[in-house]
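Enquirer: model_2.csv is reproduced below (CSV, C-alpha atoms and all ligand atoms).
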chain,number,residue,atom,x,y,z
A,1,MET,CA,-86.1,6.5,48.1
A,2,ASN,CA,-83.9,9.5,48.6
A,3,PRO,CA,-85.1,12.9,47.4
A,4,PRO,CA,-82.5,14.7,45.2
A,5,LEU,CA,-79.8,16.5,47.2
A,6,PRO,CA,-80.4,20.2,47.2
A,7,SER,CA,-77.6,22.6,46.4
A,8,SER,CA,-75.4,23.8,49.4
A,9,VAL,CA,-76.3,20.7,51.4
A,10,CYS,CA,-73.9,18.0,52.3
A,11,HIS,CA,-75.1,14.5,52.9
A,12,VAL,CA,-72.9,12.7,55.4
A,13,ARG,CA,-73.6,9.0,55.2
A,14,GLY,CA,-73.0,7.0,58.3
A,15,THR,CA,-71.4,3.6,58.4
A,16,GLN,CA,-74.0,2.3,60.9
A,17,PRO,CA,-77.8,2.7,60.9
A,18,GLY,CA,-79.3,5.7,62.6
A,19,PRO,CA,-81.8,8.5,62.2
A,20,ARG,CA,-82.2,10.9,59.3
A,21,VAL,CA,-81.2,14.3,60.6
A,22,VAL,CA,-81.1,17.7,58.8
A,23,VAL,CA,-79.2,20.8,60.2
A,24,PHE,CA,-79.3,24.2,58.6
A,25,GLY,CA,-77.6,27.5,59.2
A,26,GLY,CA,-78.4,30.6,57.2
A,27,THR,CA,-82.2,30.0,56.8
A,28,HIS,CA,-82.2,33.7,57.4
A,29,GLY,CA,-79.3,35.1,55.3
A,30,ASP,CA,-78.3,37.8,57.7
A,31,GLU,CA,-77.8,35.2,60.5
A,32,THR,CA,-74.3,34.0,59.5
A,33,MET,CA,-73.2,32.5,62.8
A,34,GLY,CA,-75.2,29.4,62.1
A,35,VAL,CA,-73.5,29.0,58.8
A,36,ARG,CA,-70.2,28.9,60.6
A,37,VAL,CA,-71.4,26.2,63.0
A,38,VAL,CA,-72.4,24.1,60.0
A,39,GLN,CA,-69.0,24.6,58.4
A,40,ASP,CA,-67.2,23.8,61.6
A,41,VAL,CA,-69.1,20.5,62.1
A,42,LEU,CA,-68.5,19.6,58.4
A,43,LYS,CA,-64.8,20.2,58.8
A,44,ALA,CA,-64.7,18.0,61.9
A,45,LEU,CA,-66.4,15.3,59.9
A,46,GLY,CA,-63.6,15.6,57.3
A,47,PHE,CA,-65.3,17.7,54.7
A,48,HIS,CA,-63.1,20.6,53.7
A,49,THR,CA,-64.8,22.8,51.2
A,50,VAL,CA,-66.2,26.1,52.4
A,51,ALA,CA,-69.7,25.7,50.9
A,52,PRO,CA,-71.2,22.3,51.8
A,53,ALA,CA,-72.3,20.3,48.8
A,54,GLY,CA,-72.2,16.7,47.8
A,55,GLU,CA,-71.8,13.4,49.7
A,56,ILE,CA,-69.2,11.9,52.0
A,57,THR,CA,-69.2,8.9,54.3
A,58,SER,CA,-68.0,9.2,57.9
A,59,PRO,CA,-67.6,6.5,60.6
A,60,LEU,CA,-68.5,9.3,63.1
A,61,VAL,CA,-72.1,9.4,61.7
A,62,LEU,CA,-75.0,7.0,62.3
A,63,GLY,CA,-77.7,7.0,59.7
A,64,ASP,CA,-77.9,10.0,57.4
A,65,LEU,CA,-76.9,13.5,58.4
A,66,PHE,CA,-77.5,16.5,56.1
A,67,LEU,CA,-75.7,19.7,56.9
A,68,GLY,CA,-76.4,22.7,54.8
A,69,ILE,CA,-77.1,26.4,54.2
A,70,GLY,CA,-80.8,27.1,54.3
A,71,ASN,CA,-80.9,30.1,51.9
A,72,PRO,CA,-77.4,30.4,50.3
A,73,GLU,CA,-78.4,33.3,48.0
A,74,ALA,CA,-79.6,35.4,51.0
A,75,VAL,CA,-76.4,34.5,52.9
A,76,ASP,CA,-74.4,35.8,49.9
A,77,ARG,CA,-76.3,39.0,50.0
A,78,GLY,CA,-76.3,39.3,53.8
A,79,THR,CA,-80.0,39.8,53.9
A,80,ARG,CA,-82.8,38.0,55.7
A,81,SER,CA,-84.4,36.9,52.4
A,82,VAL,CA,-83.6,37.3,48.7
A,83,SER,CA,-86.9,38.8,47.6
A,84,GLY,CA,-87.6,41.0,50.6
A,85,VAL,CA,-91.2,39.8,50.3
A,86,ARG,CA,-91.2,36.6,52.3
A,87,ASP,CA,-88.2,34.9,53.9
A,88,LEU,CA,-87.4,31.2,53.6
A,89,ASN,CA,-88.9,30.5,57.1
A,90,ARG,CA,-92.3,31.8,55.9
A,91,CYS,CA,-92.4,29.8,52.7
A,92,PHE,CA,-93.4,26.3,53.9
A,93,HIS,CA,-97.2,26.5,53.3
A,94,GLU,CA,-98.9,24.1,50.9
A,95,SER,CA,-100.7,26.9,49.1
A,96,PHE,CA,-97.4,28.7,48.3
A,97,PHE,CA,-96.0,25.6,46.6
A,98,GLU,CA,-99.1,25.4,44.4
A,99,SER,CA,-99.1,29.1,43.5
A,100,PRO,CA,-97.2,30.0,40.2
A,101,GLU,CA,-97.1,33.6,41.5
A,102,ALA,CA,-95.4,32.6,44.8
A,103,LEU,CA,-93.0,30.4,43.0
A,104,LEU,CA,-91.6,33.5,41.2
A,105,LEU,CA,-89.9,34.4,44.5
A,106,PRO,CA,-86.3,33.0,44.7
A,107,ASP,CA,-86.9,32.2,48.4
A,108,GLN,CA,-90.0,30.1,47.5
A,109,GLN,CA,-88.0,28.3,44.8
A,110,ARG,CA,-85.4,27.5,47.4
A,111,ALA,CA,-88.2,26.2,49.7
A,112,ALA,CA,-89.4,24.0,46.8
A,113,GLU,CA,-85.9,22.6,46.5
A,114,LEU,CA,-85.7,21.8,50.2
A,115,LYS,CA,-89.2,20.6,51.0
A,116,ASP,CA,-88.8,16.9,50.2
A,117,LEU,CA,-85.6,16.6,52.1
A,118,LEU,CA,-87.2,18.3,55.1
A,119,ALA,CA,-90.3,16.1,54.9
A,120,SER,CA,-88.1,13.0,55.0
A,121,ALA,CA,-86.3,14.1,58.2
A,122,ASP,CA,-86.7,12.4,61.6
A,123,TYR,CA,-85.1,15.4,63.2
A,124,PHE,CA,-84.5,19.0,61.9
A,125,PHE,CA,-82.4,21.6,63.7
A,126,ASP,CA,-82.5,25.1,62.3
A,127,LEU,CA,-79.8,27.4,63.6
A,128,HIS,CA,-80.9,31.0,64.1
A,129,SER,CA,-79.7,34.2,65.7
A,130,VAL,CA,-81.7,37.2,66.9
A,131,SER,CA,-81.2,41.0,66.3
A,132,ALA,CA,-81.6,41.9,70.0
A,133,LYS,CA,-78.1,42.5,71.3
A,134,GLU,CA,-78.9,41.2,74.7
A,135,THR,CA,-80.3,37.7,74.7
A,136,VAL,CA,-79.7,34.3,76.1
A,137,PRO,CA,-79.9,31.3,73.7
A,138,PHE,CA,-83.3,29.7,73.5
A,139,VAL,CA,-85.4,27.2,71.5
A,140,GLY,CA,-88.2,28.3,69.2
A,141,LEU,CA,-90.8,25.8,68.0
A,142,THR,CA,-94.3,25.5,66.7
A,143,MET,CA,-95.3,22.3,68.4
A,144,PHE,CA,-94.3,20.9,71.8
A,145,SER,CA,-95.0,17.1,71.7
A,146,GLU,CA,-93.4,14.5,74.0
A,147,ARG,CA,-90.8,13.9,71.3
A,148,HIS,CA,-90.0,17.7,71.2
A,149,ALA,CA,-89.8,17.7,75.0
A,150,GLU,CA,-87.4,14.8,75.0
A,151,VAL,CA,-85.1,16.6,72.5
A,152,CYS,CA,-85.2,19.9,74.4
A,153,ARG,CA,-84.0,18.1,77.5
A,154,SER,CA,-80.6,17.8,75.7
A,155,ILE,CA,-80.4,21.5,75.0
A,156,PRO,CA,-79.1,23.9,77.7
A,157,VAL,CA,-81.7,26.6,77.6
A,158,HIS,CA,-84.2,27.9,80.1
A,159,HIS,CA,-86.7,29.3,77.6
A,160,ILE,CA,-88.6,27.3,75.0
A,161,LEU,CA,-90.8,29.6,72.9
A,162,ASP,CA,-93.8,28.3,71.0
A,163,VAL,CA,-94.3,30.9,68.2
A,164,GLN,CA,-97.2,29.0,66.5
A,165,ALA,CA,-99.9,31.5,67.5
A,166,ILE,CA,-98.2,34.6,66.0
A,167,LEU,CA,-95.9,33.7,63.1
A,168,GLY,CA,-97.6,33.2,59.8
A,169,GLN,CA,-100.0,36.1,60.4
A,170,ASP,CA,-97.3,38.5,59.0
A,171,VAL,CA,-97.5,36.7,55.6
A,172,GLY,CA,-101.2,37.3,55.3
A,173,ILE,CA,-102.5,33.8,55.5
A,174,ALA,CA,-105.1,32.3,57.8
A,175,ILE,CA,-103.4,29.8,60.1
A,176,ASP,CA,-105.6,26.8,60.5
A,177,GLU,CA,-104.7,25.9,64.1
A,178,LEU,CA,-102.0,23.3,64.4
A,179,THR,CA,-101.3,22.6,60.7
A,180,GLN,CA,-100.1,25.3,58.5
A,181,THR,CA,-97.5,27.6,60.2
A,182,PRO,CA,-95.2,28.4,57.2
A,183,THR,CA,-91.9,27.7,59.0
A,184,THR,CA,-89.3,25.1,58.2
A,185,CYS,CA,-89.8,23.4,61.6
A,186,SER,CA,-93.5,23.3,61.2
A,187,TRP,CA,-93.2,21.7,57.8
A,188,VAL,CA,-91.0,18.9,59.4
A,189,ASN,CA,-93.5,18.4,62.2
A,190,ARG,CA,-96.4,18.1,59.7
A,191,HIS,CA,-94.5,15.3,58.0
A,192,GLY,CA,-93.8,13.3,61.1
A,193,GLY,CA,-90.4,14.6,62.2
A,194,VAL,CA,-89.3,16.7,65.1
A,195,GLY,CA,-88.3,20.2,64.0
A,196,LEU,CA,-87.0,23.0,66.2
A,197,ALA,CA,-85.0,26.2,66.0
A,198,TYR,CA,-82.0,26.7,68.2
A,199,GLU,CA,-81.6,30.5,68.6
A,200,MET,CA,-77.9,30.9,69.2
A,201,GLY,CA,-77.8,34.4,70.5
A,202,TYR,CA,-77.2,37.9,69.0
A,203,GLN,CA,-76.5,37.7,65.3
A,204,GLY,CA,-73.2,39.5,65.7
A,205,ASP,CA,-71.9,37.5,68.7
A,206,GLU,CA,-68.8,35.6,67.6
A,207,ALA,CA,-68.8,33.7,71.0
A,208,SER,CA,-72.1,32.1,70.0
A,209,VAL,CA,-70.4,29.9,67.4
A,210,PRO,CA,-68.3,27.6,69.6
A,211,ARG,CA,-71.2,27.5,72.2
A,212,ALA,CA,-73.8,26.5,69.5
A,213,THR,CA,-71.4,24.0,68.0
A,214,ALA,CA,-71.1,22.3,71.3
A,215,VAL,CA,-74.9,22.4,71.8
A,216,LEU,CA,-75.5,21.0,68.3
A,217,VAL,CA,-73.0,18.2,68.6
A,218,ASN,CA,-74.3,17.1,72.0
A,219,LEU,CA,-77.8,17.2,70.5
A,220,LEU,CA,-76.7,15.1,67.6
A,221,VAL,CA,-75.2,12.6,70.0
A,222,SER,CA,-78.4,12.5,72.1
A,223,VAL,CA,-80.6,11.6,69.1
A,224,GLY,CA,-78.1,8.9,68.0
A,225,ALA,CA,-77.0,10.7,64.9
A,226,VAL,CA,-73.2,11.1,65.6
A,227,HIS,CA,-70.7,9.2,67.6
A,228,PRO,CA,-69.6,10.9,70.8
A,229,ALA,CA,-66.0,10.9,69.5
A,230,LEU,CA,-66.9,13.8,67.2
A,231,ARG,CA,-66.7,16.0,70.4
A,232,GLU,CA,-63.0,15.3,70.5
A,233,ASN,CA,-62.4,16.6,66.9
A,234,LEU,CA,-64.1,19.8,67.9
A,235,HIS,CA,-62.4,20.0,71.3
A,236,ILE,CA,-65.8,20.0,73.0
A,237,GLU,CA,-65.9,19.2,76.6
A,238,TYR,CA,-69.2,17.5,77.6
A,239,ALA,CA,-70.7,18.8,80.8
A,240,ARG,CA,-74.3,18.2,81.3
A,241,ASP,CA,-75.9,21.6,81.7
A,242,THR,CA,-78.3,22.0,84.5
A,243,ALA,CA,-80.4,24.5,82.6
A,244,ALA,CA,-82.4,21.7,81.1
A,245,THR,CA,-83.9,20.9,84.5
A,246,ASP,CA,-85.2,24.4,84.7
A,247,GLN,CA,-87.0,24.8,81.3
A,248,ARG,CA,-90.2,26.5,80.8
A,249,VAL,CA,-92.4,26.7,77.6
A,250,TYR,CA,-93.8,30.0,76.7
A,251,ARG,CA,-96.3,31.0,74.0
A,252,LEU,CA,-96.4,34.2,72.0
A,253,VAL,CA,-99.6,36.0,72.8
A,254,HIS,CA,-99.2,39.6,71.4
A,255,CYS,CA,-97.3,41.4,68.8
A,256,GLU,CA,-96.9,45.2,69.3
A,257,ARG,CA,-96.6,46.9,65.9
A,258,ASN,CA,-94.5,50.0,65.3
A,259,THR,CA,-96.5,52.9,64.0
A,260,LEU,CA,-93.6,54.9,62.6
A,261,LYS,CA,-93.8,57.8,65.1
A,262,GLY,CA,-90.4,57.5,66.7
A,263,PHE,CA,-90.4,55.0,69.5
A,264,ARG,CA,-88.3,55.1,72.7
A,265,TYR,CA,-88.1,52.4,75.3
A,266,ALA,CA,-88.9,53.6,78.8
A,267,ASP,CA,-85.9,51.7,80.2
A,268,PRO,CA,-82.9,50.1,78.6
A,269,ARG,CA,-83.8,46.7,80.2
A,270,TYR,CA,-86.7,46.4,77.7
A,271,LYS,CA,-84.1,46.0,74.9
A,272,ARG,CA,-83.1,42.7,76.6
A,273,ASN,CA,-84.8,39.6,75.3
A,274,PHE,CA,-87.0,37.8,77.9
A,275,SER,CA,-87.4,40.8,80.3
A,276,PRO,CA,-90.3,40.0,82.7
A,277,VAL,CA,-93.1,42.6,82.5
A,278,ARG,CA,-96.4,43.1,84.3
A,279,GLU,CA,-99.7,44.0,82.8
A,280,GLY,CA,-100.1,47.8,82.3
A,281,GLU,CA,-96.3,48.4,82.7
A,282,LEU,CA,-95.0,51.3,80.5
A,283,ILE,CA,-92.7,49.8,77.9
A,284,GLY,CA,-92.1,53.0,75.9
A,285,THR,CA,-93.4,56.1,74.4
A,286,TYR,CA,-93.8,57.4,70.8
A,287,GLN,CA,-92.6,60.9,70.0
A,288,ASP,CA,-96.2,62.3,70.1
A,289,GLY,CA,-96.6,61.1,73.6
A,290,GLU,CA,-98.6,57.9,72.9
A,291,GLU,CA,-97.7,55.3,75.5
A,292,VAL,CA,-97.2,51.6,74.8
A,293,ARG,CA,-97.9,49.3,77.8
A,294,ALA,CA,-97.7,45.6,78.4
A,295,THR,CA,-101.1,43.9,77.6
A,296,SER,CA,-100.5,41.1,80.0
A,297,ASP,CA,-98.0,39.7,82.5
A,298,GLY,CA,-95.3,37.8,80.8
A,299,LEU,CA,-91.9,38.1,79.1
A,300,LEU,CA,-91.0,40.8,76.5
A,301,VAL,CA,-89.4,39.0,73.5
A,302,PHE,CA,-87.8,40.0,70.2
A,303,PRO,CA,-87.5,43.7,71.1
A,304,ALA,CA,-86.6,45.7,68.0
A,305,GLY,CA,-83.8,48.3,68.3
A,306,GLU,CA,-85.0,51.8,68.2
A,307,GLN,CA,-82.9,52.7,65.2
A,308,THR,CA,-83.7,49.6,63.2
A,309,LEU,CA,-87.4,50.1,63.0
A,310,SER,CA,-89.1,50.5,59.7
A,311,SER,CA,-92.8,50.5,58.6
A,312,ASN,CA,-95.1,48.1,60.4
A,313,GLN,CA,-92.4,46.0,61.9
A,314,SER,CA,-93.0,44.4,65.3
A,315,LEU,CA,-91.7,46.5,68.2
A,316,PHE,CA,-91.8,43.5,70.5
A,317,TYR,CA,-93.8,40.4,71.4
A,318,LEU,CA,-95.2,39.3,74.7
A,319,ALA,CA,-95.0,35.6,75.8
A,320,VAL,CA,-96.7,33.9,78.6
A,321,PRO,CA,-95.8,30.5,80.2
A,322,ILE,CA,-97.8,27.4,79.2
A,323,LEU,CA,-98.7,25.3,82.1
A,324,HIS,CA,-98.0,21.6,81.7
B,401,ZN,ZN,-83.8,33.6,62.0
Mind converting the file's structure to structure tokens?
Ligand SMILES: [Zn+2]

Expert:
Amino acid sequence: MNPPLPSSVCHVRGTQPGPRVVVFGGTHGDETMGVRVVQDVLKALGFHTVAPAGEITSPLVLGDLFLGIGNPEAVDRGTRSVSGVRDLNRCFHESFFESPEALLLPDQQRAAELKDLLASADYFFDLHSVSAKETVPFVGLTMFSERHAEVCRSIPVHHILDVQAILGQDVGIAIDELTQTPTTCSWVNRHGGVGLAYEMGYQGDEASVPRATAVLVNLLVSVGAVHPALRENLHIEYARDTAATDQRVYRLVHCERNTLKGFRYADPRYKRNFSPVREGELIGTYQDGEEVRATSDGLLVFPAGEQTLSSNQSLFYLAVPILH
């Protein structure tokens, strides 16, 4: 049985059997490039309204493809979340759905609207962007199973980042090991699907839209959700990227918190996502002279811009490779 179709989601029914796939842009409302990717793919499938909603049938689709906007109200406002308390990607925890207090938050209400659709998905691809101006695209996930590895091989990225260990802590809940990270992707994984986030690049980078559209369509072809002819509608040339043969999985191990004392990076290269660092290396200094050094060898990820920091935000994270 199909769960009811949430608002701002378009169900494209295939004319042949295939997997059940959900794709969202705008799970974070300030990351609008993913919304444009969703709109471009919908247009190429013959769906012409700006905001996706409703049902169409396409011979280019196999199975059931759902393309939508994760958090449309946050997208309208241009903010990460509606409430400012907890964004949509931190709402998918069982305890939140059972809490009348949590369900007062508009973002949590949106999560409640989406949860059955996401739980029914074989595959879920969430399109995100990052605030660091200098970054390469990468994959973020909370579980790296054989099925995840198989999907990742179709995505031209070098870095696969397992965020399981860190995310969730910032919403004040105890994470019970593999089960309860409150992200959209983790929710899908916990219900038997394969969920991952494709981080397209900087959130203001227009060039990330055609690139991510090509990546998404190739990914949809690889899981058997769309016909390869869809590439022609989008003028996508298919060249197998060699990056997938040089992929590494990293795990977040440390979050450095801002202490509101005026932070300066020791070198501009630390503002670049995935800069390699060595244990003890000076990353930056607070105005009062307190030094911030790397706690281990690894990669510096999600560096916050000096001017965008507010209370208790993360300054940066450290990630280390997982050996397989
Ligand atoms: Zn995001």

Enquirer: What's the 12 Å shell around Ala132 (chain A), counting only C-alpha atoms, without same-chain residues fewer than 6 positions away, as a ChimeraX atom specification?

Expert: /A:199-205,268-275,300-308,315-316

Enquirer: For the atom pair CA of Val9 (chain A) and CA of Ile69 (chain A), what is the interatomic distance in Å to one decimal place?

Expert: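 Atom-to-atom, CA of Val9 (chain A) and CA of Ile69 (chain A) are spaced 6.4 Å apart.
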
Enquirer: Please, what distance in Å, to one decimal, runs between CA of Pro156 (chain A) and CA of Ala229 (chain A)?

Expert: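 These two atoms are separated by 20.2 Å.
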
Enquirer: So which one's closest to ligand ZN 401 (chain B), A:Arg90, A:Arg36, A:Arg110, A:Arg231? Using all atoms listed in the file, please.

Expert: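 When distances to ligand ZN 401 (chain B) are compared using all atoms listed in the file, the smallest one comes from A:Arg90.
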
Enquirer: Check every protein, DNA and RNA residue against ligand ZN 401 (chain B), keep those with an atom at most 8 Å away (counting only C-alpha atoms and all ligand atoms), and present them as a ChimeraX atom specification.

Expert: /A:26-28,31,80,89,127-130,199

Enquirer: Is there a way to get, as a ChimeraX atom specification, all residues within 12 Å of the point (-71.7, 8.7, 62.2) in file coordinates, counting only C-alpha atoms?

Expert: /A:11-21,42,44-46,56-66,217,220-221,223-230

Enquirer: Find the residues around Glu94 (chain A) up to 10 Å (all atoms listed in the file counted), leave out those fewer than 2 positions away in its own chain, and share them as a count of residues only.

Expert: 9

Enquirer: What does the structure give for the distance between CA of Pro100 (chain A) and CA of Thr181 (chain A), in Å to one decimal?

Expert: 20.1 Å

Enquirer: If we count all atoms listed in the file, what is near Ser83 (chain A) at a cut-off of 7 Å, once residues fewer than 4 positions away on the same chain are taken out, given as a list of chain:residue names?

Expert: A:Leu105, A:Pro106, A:Asp107

Enquirer: Please list as a list in words every residue within 7 Å of Leu141 (chain A), counting all atoms listed in the file and excluding residues in the same chain fewer than 4 positions away.

Expert: Leu161, Asp162, Val163, Cys185, Leu196 and Ala197 of chain A

Enquirer: How would the residues just picked look written out with C-alpha atoms as a short mmCIF file (atom, residue, chain, number, x, y, z; two decimals), in the coordinates of the input?

Expert:
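Saved result, result_29.cif, follows:
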data_model
loop_
_atom_site.label_atom_id
_atom_site.label_comp_id
_atom_site.auth_asym_id
_atom_site.auth_seq_id
_atom_site.Cartn_x
_atom_site.Cartn_y
_atom_site.Cartn_z
CA LEU A 161 -90.80 29.60 72.90
CA ASP A 162 -93.80 28.30 71.00
CA VAL A 163 -94.30 30.90 68.20
CA CYS A 185 -89.80 23.40 61.60
CA LEU A 196 -87.00 23.00 66.20
CA ALA A 197 -85.00 26.20 66.00
#

Enquirer: Which residues are near region 283-299 of chain A? Cut-off 9 Å, only C-alpha atoms, ignore same chain within fewer than 6 positions. Put them as a list in words.

Expert: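 Contacts, in chain order: Tyr250, Val253, His254, Glu256, Thr259, Leu260, Lys261, Gly262, Phe263, Arg264, Tyr265, Ala266, Asp267, Tyr270, Asn273, Phe274, Ser275, Pro276, Val277, Tyr317, Leu318, Ala319, Val320 and Pro321 of chain A.
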
Enquirer: Return the single residue from A:Leu252, A:Val38, A:Val194, A:Leu88 that is closest to Ser145 (chain A), with distances computed using all atoms listed in the file.

Expert: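 Checking each candidate against Ser145 (chain A), we get A:Val194 as the closest.
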
Enquirer: Is there a way to complete region 11-34 of chain A with N, CA and C atoms and then write that out as an mmCIF file, keeping the file's coordinate frame?

Expert:
data_model
loop_
_atom_site.group_PDB
_atom_site.id
_atom_site.type_symbol
_atom_site.label_atom_id
_atom_site.label_comp_id
_atom_site.auth_asym_id
_atom_site.auth_seq_id
_atom_site.Cartn_x
_atom_site.Cartn_y
_atom_site.Cartn_z
ATOM 1 N N HIS A 11 -74.513 15.701 52.297
ATOM 2 C CA HIS A 11 -75.100 14.500 52.900
ATOM 3 C C HIS A 11 -73.910 13.642 53.439
ATOM 4 N N VAL A 12 -73.891 13.492 54.756
ATOM 5 C CA VAL A 12 -72.900 12.700 55.400
ATOM 6 C C VAL A 12 -73.501 11.317 55.715
ATOM 7 N N ARG A 13 -73.071 10.298 54.984
ATOM 8 C CA ARG A 13 -73.600 9.000 55.200
ATOM 9 C C ARG A 13 -72.873 8.297 56.342
ATOM 10 N N GLY A 14 -73.632 7.706 57.242
ATOM 11 C CA GLY A 14 -73.000 7.000 58.300
ATOM 12 C C GLY A 14 -72.638 5.573 57.911
ATOM 13 N N THR A 15 -71.757 4.964 58.709
ATOM 14 C CA THR A 15 -71.400 3.600 58.400
ATOM 15 C C THR A 15 -72.198 2.608 59.243
ATOM 16 N N GLN A 16 -73.072 3.144 60.102
ATOM 17 C CA GLN A 16 -74.000 2.300 60.900
ATOM 18 C C GLN A 16 -75.396 2.908 60.726
ATOM 19 N N PRO A 17 -76.440 2.107 60.963
ATOM 20 C CA PRO A 17 -77.800 2.700 60.900
ATOM 21 C C PRO A 17 -78.064 3.703 61.935
ATOM 22 N N GLY A 18 -78.959 4.602 61.640
ATOM 23 C CA GLY A 18 -79.300 5.700 62.600
ATOM 24 C C GLY A 18 -80.391 6.533 61.996
ATOM 25 N N PRO A 19 -80.710 7.636 62.660
ATOM 26 C CA PRO A 19 -81.800 8.500 62.200
ATOM 27 C C PRO A 19 -81.418 9.337 60.985
ATOM 28 N N ARG A 20 -82.402 9.962 60.411
ATOM 29 C CA ARG A 20 -82.200 10.900 59.300
ATOM 30 C C ARG A 20 -82.349 12.294 59.892
ATOM 31 N N VAL A 21 -81.258 13.046 59.859
ATOM 32 C CA VAL A 21 -81.200 14.300 60.600
ATOM 33 C C VAL A 21 -80.770 15.436 59.595
ATOM 34 N N VAL A 22 -81.462 16.550 59.617
ATOM 35 C CA VAL A 22 -81.100 17.700 58.800
ATOM 36 C C VAL A 22 -80.762 18.882 59.711
ATOM 37 N N VAL A 23 -79.650 19.560 59.423
ATOM 38 C CA VAL A 23 -79.200 20.800 60.200
ATOM 39 C C VAL A 23 -78.971 21.873 59.190
ATOM 40 N N PHE A 24 -79.589 23.028 59.404
ATOM 41 C CA PHE A 24 -79.300 24.200 58.600
ATOM 42 C C PHE A 24 -78.823 25.368 59.379
ATOM 43 N N GLY A 25 -77.872 26.096 58.824
ATOM 44 C CA GLY A 25 -77.600 27.500 59.200
ATOM 45 C C GLY A 25 -77.986 28.358 58.078
ATOM 46 N N GLY A 26 -78.192 29.630 58.324
ATOM 47 C CA GLY A 26 -78.400 30.600 57.200
ATOM 48 C C GLY A 26 -79.811 30.408 56.555
ATOM 49 N N THR A 27 -80.797 29.932 57.284
ATOM 50 C CA THR A 27 -82.200 30.000 56.800
ATOM 51 C C THR A 27 -82.578 31.439 56.607
ATOM 52 N N HIS A 28 -82.117 32.260 57.541
ATOM 53 C CA HIS A 28 -82.200 33.700 57.400
ATOM 54 C C HIS A 28 -80.756 34.176 56.991
ATOM 55 N N GLY A 29 -80.637 34.829 55.826
ATOM 56 C CA GLY A 29 -79.300 35.100 55.300
ATOM 57 C C GLY A 29 -78.468 36.082 56.068
ATOM 58 N N ASP A 30 -79.092 36.865 56.940
ATOM 59 C CA ASP A 30 -78.300 37.800 57.700
ATOM 60 C C ASP A 30 -77.866 37.200 59.076
ATOM 61 N N GLU A 31 -78.162 35.916 59.284
ATOM 62 C CA GLU A 31 -77.800 35.200 60.500
ATOM 63 C C GLU A 31 -76.632 34.260 60.186
ATOM 64 N N THR A 32 -75.406 34.802 60.099
ATOM 65 C CA THR A 32 -74.300 34.000 59.500
ATOM 66 C C THR A 32 -73.598 33.117 60.555
ATOM 67 N N MET A 33 -73.867 33.304 61.839
ATOM 68 C CA MET A 33 -73.200 32.500 62.800
ATOM 69 C C MET A 33 -73.548 31.003 62.693
ATOM 70 N N GLY A 34 -74.801 30.740 62.339
ATOM 71 C CA GLY A 34 -75.200 29.400 62.100
ATOM 72 C C GLY A 34 -74.545 28.693 60.963
#
